[in-house]
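Shown below: data06.txt, with compact mmCIF, C-alpha atoms.
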```txt
# COMPACT_ATOMS: atom_id res chain seq x y z
CA MET A 5 -12.29 14.71 -15.89
CA ALA A 6 -11.74 13.63 -12.28
CA ALA A 7 -8.32 12.33 -11.32
CA THR A 8 -7.46 8.85 -10.09
CA LEU A 9 -5.37 9.00 -6.92
CA PHE A 10 -2.79 6.51 -5.61
CA ILE A 11 -1.22 6.43 -2.15
CA SER A 12 0.68 3.93 -0.03
CA ASP A 13 2.89 3.54 3.02
CA LEU A 14 1.04 5.87 5.37
CA HIS A 15 1.97 3.66 8.34
CA LEU A 16 -0.77 5.24 10.43
CA ASP A 17 -0.02 4.88 14.12
CA GLU A 18 -1.20 6.42 17.39
CA ASP A 19 2.31 7.81 17.91
CA ARG A 20 2.07 10.05 14.81
CA PRO A 21 -1.33 11.76 15.13
CA GLN A 22 -0.33 14.55 12.75
CA ILE A 23 -0.12 12.09 9.86
CA THR A 24 -3.51 10.63 10.71
CA ASP A 25 -4.94 14.15 10.73
CA LEU A 26 -3.30 14.86 7.36
CA PHE A 27 -4.79 11.69 5.91
CA LEU A 28 -8.27 12.42 7.21
CA SER A 29 -8.06 15.95 5.80
CA PHE A 30 -7.00 14.48 2.46
CA LEU A 31 -10.02 12.15 2.46
CA ARG A 32 -12.39 15.01 3.23
CA GLY A 33 -10.70 17.36 0.79
CA GLU A 34 -8.96 16.48 -2.46
CA ALA A 35 -10.03 12.82 -2.47
CA ARG A 36 -13.72 13.75 -2.63
CA SER A 37 -13.28 15.18 -6.11
CA ALA A 38 -11.45 12.08 -7.41
CA SER A 39 -12.99 9.34 -9.48
CA ALA A 40 -11.11 6.68 -7.55
CA LEU A 41 -8.62 6.26 -4.72
CA TYR A 42 -6.19 3.33 -4.65
CA ILE A 43 -4.39 2.55 -1.38
CA LEU A 44 -1.50 0.22 -2.23
CA GLY A 45 -0.65 -1.15 1.18
CA ASP A 46 0.75 -0.23 4.57
CA LEU A 47 -2.12 2.08 5.40
CA PHE A 48 -1.41 1.14 9.01
CA GLU A 49 1.84 0.57 10.85
CA SER A 50 0.28 -2.74 11.82
CA TRP A 51 -3.11 -4.41 11.55
CA ILE A 52 -3.83 -7.36 13.83
CA GLY A 53 -7.26 -8.31 12.54
CA ASP A 54 -10.60 -6.83 11.62
CA ASP A 55 -11.86 -7.36 15.17
CA ASP A 56 -9.36 -4.84 16.52
CA ASP A 57 -11.30 -2.17 18.42
CA ALA A 58 -8.48 0.40 18.67
CA PRO A 59 -9.81 3.96 18.11
CA LEU A 60 -7.41 4.74 15.24
CA GLY A 61 -8.67 1.91 13.06
CA LEU A 62 -12.29 2.80 13.68
CA ARG A 63 -11.69 6.48 12.81
CA VAL A 64 -10.00 5.53 9.56
CA GLN A 65 -12.73 3.09 8.57
CA ASP A 66 -15.42 5.70 9.21
CA ALA A 67 -13.53 8.30 7.16
CA LEU A 68 -13.09 5.89 4.25
CA ALA A 69 -16.78 5.02 4.37
CA GLU A 70 -17.60 8.74 4.28
CA LEU A 71 -15.45 9.12 1.17
CA ALA A 72 -17.07 6.11 -0.50
CA GLY A 73 -20.44 7.72 0.27
CA HIS A 74 -19.43 10.60 -2.03
CA ALA A 75 -19.32 8.22 -5.01
CA VAL A 76 -15.53 7.80 -4.94
CA ALA A 77 -14.43 4.25 -5.73
CA VAL A 78 -12.02 3.26 -2.97
CA HIS A 79 -9.67 0.30 -3.47
CA PHE A 80 -7.26 -1.30 -1.01
CA MET A 81 -4.31 -3.64 -1.57
CA ALA A 82 -2.62 -5.15 1.46
CA GLY A 83 0.97 -4.31 2.29
CA ASN A 84 3.52 -6.03 4.47
CA ARG A 85 2.19 -4.29 7.60
CA ASP A 86 -1.56 -4.66 7.08
CA PHE A 87 -1.91 -7.97 5.26
CA LEU A 88 -4.62 -9.04 7.74
CA VAL A 89 -7.08 -6.43 6.50
CA GLY A 90 -10.10 -8.47 5.49
CA PRO A 91 -13.76 -8.46 4.44
CA ARG A 92 -15.06 -6.97 7.69
CA PHE A 93 -12.77 -3.96 7.34
CA ALA A 94 -13.73 -3.61 3.68
CA ALA A 95 -17.46 -3.72 4.42
CA ARG A 96 -17.26 -1.08 7.15
CA SER A 97 -14.99 1.15 5.03
CA GLY A 98 -17.00 0.83 1.82
CA LEU A 99 -13.96 -0.21 -0.19
CA THR A 100 -12.94 -2.99 -2.55
CA LEU A 101 -10.10 -5.35 -1.67
CA LEU A 102 -7.54 -5.95 -4.43
CA SER A 103 -5.21 -8.89 -4.90
CA ASP A 104 -1.50 -8.26 -5.34
CA PRO A 105 -0.81 -7.78 -8.19
CA THR A 106 -3.85 -6.27 -9.93
CA ARG A 107 -3.98 -5.19 -13.58
CA ILE A 108 -6.16 -2.23 -14.54
CA GLU A 109 -6.72 0.05 -17.50
CA LEU A 110 -5.72 3.56 -16.49
CA GLY A 111 -6.52 6.18 -19.08
CA GLY A 112 -6.28 3.51 -21.75
CA VAL A 113 -2.86 2.35 -20.53
CA PRO A 114 -2.54 -1.22 -19.18
CA THR A 115 -1.19 -0.70 -15.67
CA LEU A 116 -0.04 -3.12 -12.99
CA LEU A 117 -0.62 -2.26 -9.33
CA MET A 118 1.50 -3.86 -6.60
CA HIS A 119 2.47 -3.11 -3.03
CA GLY A 120 6.06 -3.71 -4.10
CA ASP A 121 7.48 -6.03 -1.46
CA THR A 122 7.47 -9.07 -3.75
CA LEU A 123 9.76 -7.16 -6.12
CA CYS A 124 12.50 -7.00 -3.47
CA THR A 125 13.75 -10.48 -4.26
CA ASP A 126 17.29 -9.93 -2.96
CA ASP A 127 15.93 -9.50 0.58
CA THR A 128 15.69 -13.24 1.19
CA ASP A 129 15.15 -12.94 4.95
CA TYR A 130 12.09 -10.78 4.40
CA GLN A 131 10.74 -13.03 1.65
CA LYS A 132 10.91 -16.03 4.03
CA PHE A 133 9.02 -14.05 6.69
CA ARG A 134 6.45 -12.95 4.12
CA SER A 135 5.82 -16.53 3.04
CA LEU A 136 5.25 -17.51 6.68
CA VAL A 137 2.76 -14.78 7.61
CA ARG A 138 0.82 -15.02 4.34
CA ASP A 139 0.14 -18.71 4.93
CA PRO A 140 -3.60 -19.19 5.69
CA ALA A 141 -2.87 -21.68 8.49
CA TRP A 142 -0.51 -19.23 10.21
CA GLN A 143 -3.06 -16.43 9.89
CA GLN A 144 -5.85 -18.57 11.31
CA THR A 145 -3.71 -19.47 14.33
CA PHE A 146 -2.68 -15.85 14.84
CA LEU A 147 -6.22 -14.48 14.58
CA SER A 148 -7.44 -17.02 17.13
CA GLN A 149 -5.25 -15.40 19.80
CA PRO A 150 -6.64 -12.65 22.07
CA LEU A 151 -6.05 -9.03 21.04
CA PRO A 152 -3.38 -8.31 23.71
CA ALA A 153 -1.28 -11.23 22.48
CA ARG A 154 -1.61 -10.08 18.88
CA ARG A 155 -0.66 -6.52 19.83
CA ALA A 156 2.45 -7.81 21.60
CA PHE A 157 3.44 -9.84 18.54
CA ALA A 158 2.94 -6.83 16.27
CA ALA A 159 5.13 -4.66 18.51
CA GLN A 160 7.88 -7.28 18.44
CA ALA A 161 7.62 -7.65 14.67
CA ARG A 162 7.94 -3.87 14.22
CA ALA A 163 11.07 -3.84 16.40
CA GLN A 164 12.60 -6.67 14.38
CA SER A 165 11.73 -4.87 11.15
CA ARG A 166 13.48 -1.71 12.33
CA GLU A 167 16.55 -3.75 13.26
CA HIS A 168 16.57 -5.47 9.88
CA THR A 169 16.17 -2.16 8.06
CA GLY A 170 19.02 -0.67 10.05
CA THR A 171 21.47 -3.48 9.35
CA ALA A 172 20.62 -4.68 5.83
CA ARG A 173 22.31 -3.10 2.82
CA ALA A 174 20.09 -0.47 1.20
CA GLU A 175 20.22 -2.08 -2.23
CA ILE A 176 18.92 -5.38 -0.84
CA MET A 177 15.71 -3.71 0.31
CA ASP A 178 15.01 -2.15 -3.09
CA VAL A 179 13.33 -3.84 -6.04
CA THR A 180 15.40 -5.89 -8.45
CA ASP A 181 15.45 -5.14 -12.16
CA VAL A 182 14.79 -8.81 -12.96
CA ALA A 183 11.63 -8.87 -10.82
CA VAL A 184 10.32 -5.60 -12.28
CA ARG A 185 10.83 -6.71 -15.87
CA ALA A 186 9.27 -10.10 -15.17
CA ALA A 187 6.16 -8.42 -13.68
CA LEU A 188 5.78 -6.06 -16.65
CA GLN A 189 6.17 -8.84 -19.19
CA THR A 190 4.10 -11.46 -17.38
CA HIS A 191 1.12 -9.11 -17.09
CA ASP A 192 1.70 -7.47 -20.48
CA VAL A 193 1.68 -3.89 -19.21
CA VAL A 194 3.69 -0.74 -19.89
CA ARG A 195 3.18 0.88 -16.51
CA LEU A 196 3.82 -0.36 -12.98
CA ILE A 197 2.74 1.54 -9.85
CA HIS A 198 3.91 0.39 -6.43
CA GLY A 199 4.99 1.51 -2.99
CA HIS A 200 6.89 -0.25 -0.19
CA THR A 201 10.42 1.04 -0.85
CA HIS A 202 9.71 4.66 0.21
CA ARG A 203 11.71 5.93 -2.77
CA PRO A 204 9.27 8.05 -4.78
CA ALA A 205 10.32 8.39 -8.40
CA ARG A 206 9.39 7.71 -12.00
CA HIS A 207 11.63 5.26 -13.86
CA ARG A 208 11.84 4.65 -17.61
CA ILE A 209 12.36 1.00 -18.58
CA GLU A 210 13.35 -0.22 -22.03
CA LEU A 211 11.55 -3.45 -22.92
CA GLY A 212 12.87 -4.29 -26.34
CA ASP A 213 10.29 -2.91 -28.76
CA ARG A 214 8.47 -0.76 -26.19
CA VAL A 215 9.09 1.60 -23.31
CA ALA A 216 7.54 1.05 -19.88
CA GLU A 217 7.39 3.18 -16.76
CA ARG A 218 7.70 2.27 -13.08
CA ILE A 219 6.18 4.78 -10.66
CA VAL A 220 7.15 4.46 -7.00
CA LEU A 221 4.85 6.05 -4.43
CA GLY A 222 6.27 7.90 -1.45
CA ASP A 223 5.67 7.26 2.24
CA TRP A 224 3.81 9.47 4.72
CA TYR A 225 6.31 9.60 7.57
CA GLU A 226 6.99 13.35 7.37
CA GLN A 227 4.43 14.47 4.80
CA GLY A 228 1.90 12.96 2.44
CA SER A 229 2.66 11.61 -1.03
CA VAL A 230 0.06 11.32 -3.79
CA LEU A 231 0.13 10.16 -7.39
CA ARG A 232 -2.48 11.94 -9.49
CA VAL A 233 -3.42 10.52 -12.89
CA ASP A 234 -5.84 12.55 -15.00
CA GLY A 235 -5.85 11.51 -18.64
CA GLU A 236 -2.29 12.00 -19.87
CA ARG A 237 -1.36 14.16 -16.89
CA ILE A 238 0.66 12.29 -14.26
CA GLU A 239 1.86 14.02 -11.11
CA LEU A 240 3.73 12.48 -8.18
CA ALA A 241 3.95 15.07 -5.44
CA GLY A 242 4.12 15.63 -1.73
CA LEU A 243 1.19 16.64 0.42
CA SER A 244 1.56 18.77 3.53
```
Mind turning this structure into structure tokens?
Amino acid sequence: MAATLFISDLHLDEDRPQITDLFLSFLRGEARSASALYILGDLFESWIGDDDDAPLGLRVQDALAELAGHAVAVHFMAGNRDFLVGPRFAARSGLTLLSDPTRIELGGVPTLLMHGDTLCTDDTDYQKFRSLVRDPAWQQTFLSQPLPARRAFAAQARAQSREHTGTARAEIMDVTDVAVRAALQTHDVVRLIHGHTHRPARHRIELGDRVAERIVLGDWYEQGSVLRVDGERIELAGLS
């Protein structure tokens, strides 16, 4: 039985070519033998629109399309860095866009997929920013600007994000127990898979008469991180 693979938070960027190379090798290697690949957000450090002609984005789209051509079902859920990925990107890459959250059956287990940023409810400054940039009117205005202006905005937003990350308390930027339990109960699932926090781990959660699990995917800043699910076998491991 072929495994289902989950990754997130690659933050692909021209300044870290080794991670891009690792990702492309992963797509042309292990991923080709998978039944499905789920990318749960922040594939790119930033994405300023599907009309972006930067070489990195084009290389990644071509590699994803190559993988899809090997009968691997590729799915993408937007993160907080690449929420402007749209239909044009999906068509060129041969992948399916997912809403956040998305409920699936994974080996017979009802499973909720999320990027994870909406679970960080104590980070009120970020949640206000998220509400702004996810507004369709804001996105339409932003996408109407020329590419150089959008690139400048993205660079400024990344700098502000680094400043916020460096000054905010660590616990504020993690998920809250209330938000996690609400997601599990609202969607009637016993497994939650998400990224965003860069804290890979498997967490057991007591939900009254049942036990649930929260699996957090790792980032790709120094090495890769992949969740492999094959029947009852679940493995969250690094990739180098």
Please measure the separation of atom CA of Ala163 of chain A and atom CA of Tyr225 of chain A, giving the value in Å to one decimal.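 Atom-to-atom, atom CA of Ala163 of chain A to atom CA of Tyr225 of chain A, that is 16.8 Å.
The gap separating atom CA of Trp224 of chain A from atom CA of Leu71 of chain A is 19.6 Å, in Å to one decimal.
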Which residues are close to Pro91 of chain A, i.e. within 10 Å by all atoms listed in the file, leaving aside same-chain residues fewer than 5 positions away? Reply as a PyMOL selection string. chain A and resi 54+96-97+99-101
Counting all atoms listed in the file, figure out which residue out of A:Gly228, A:Glu217, A:Ala186, A:Gln144 gets nearest to Ser29 of chain A. A:Gly228
Can you tell me how far atom CA of Leu221 of chain A sits from atom CA of Thr115 of chain A, in Å to one decimal?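 These atoms are spaced 14.4 Å apart.
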Among the residues A:Thr171, A:Thr24, A:Ser50, A:Ser12, the one that comes closest to Asp86 of chain A [using all atoms listed in the file]: A:Ser50
From the set A:Asp55, A:Asp66, A:Asp223, A:Asp129, which residue has the shortest atom-to-atom contact distance to Ile23 of chain A, counting all atoms listed in the file?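 Of A:Asp55, A:Asp66, A:Asp223, A:Asp129, the one nearest Ile23 of chain A, counting all atoms listed in the file, is A:Asp223.
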Which of A:Ala35, A:Leu14, A:Leu26, A:Val182 sits closest to Phe48 of chain A [using all atoms listed in the file]: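 Counting all atoms listed in the file, the residue closest to Phe48 of chain A is A:Leu14.
Considering the residues A:Gly111, A:Gly61, A:Gly212, A:Gly170 and counting only C-alpha atoms, Thr8 of chain A has its shortest atom-to-atom contact with A:Gly111.
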With only C-alpha atoms counted, which protein, DNA or RNA residues have an atom no more than 7 Å from (0.5, -6.6, -7.7) in the file frame? Please answer as a list in words. Ser103, Asp104, Pro105, Thr106, Leu116, Leu117, Met118 and His119 of chain A
Please provide as a ChimeraX atom specification all residues within 6 Å of Met81 of chain A, with the sequence filter that same-chain residues fewer than 2 positions apart are discarded (counting all atoms listed in the file). /A:44-45,102
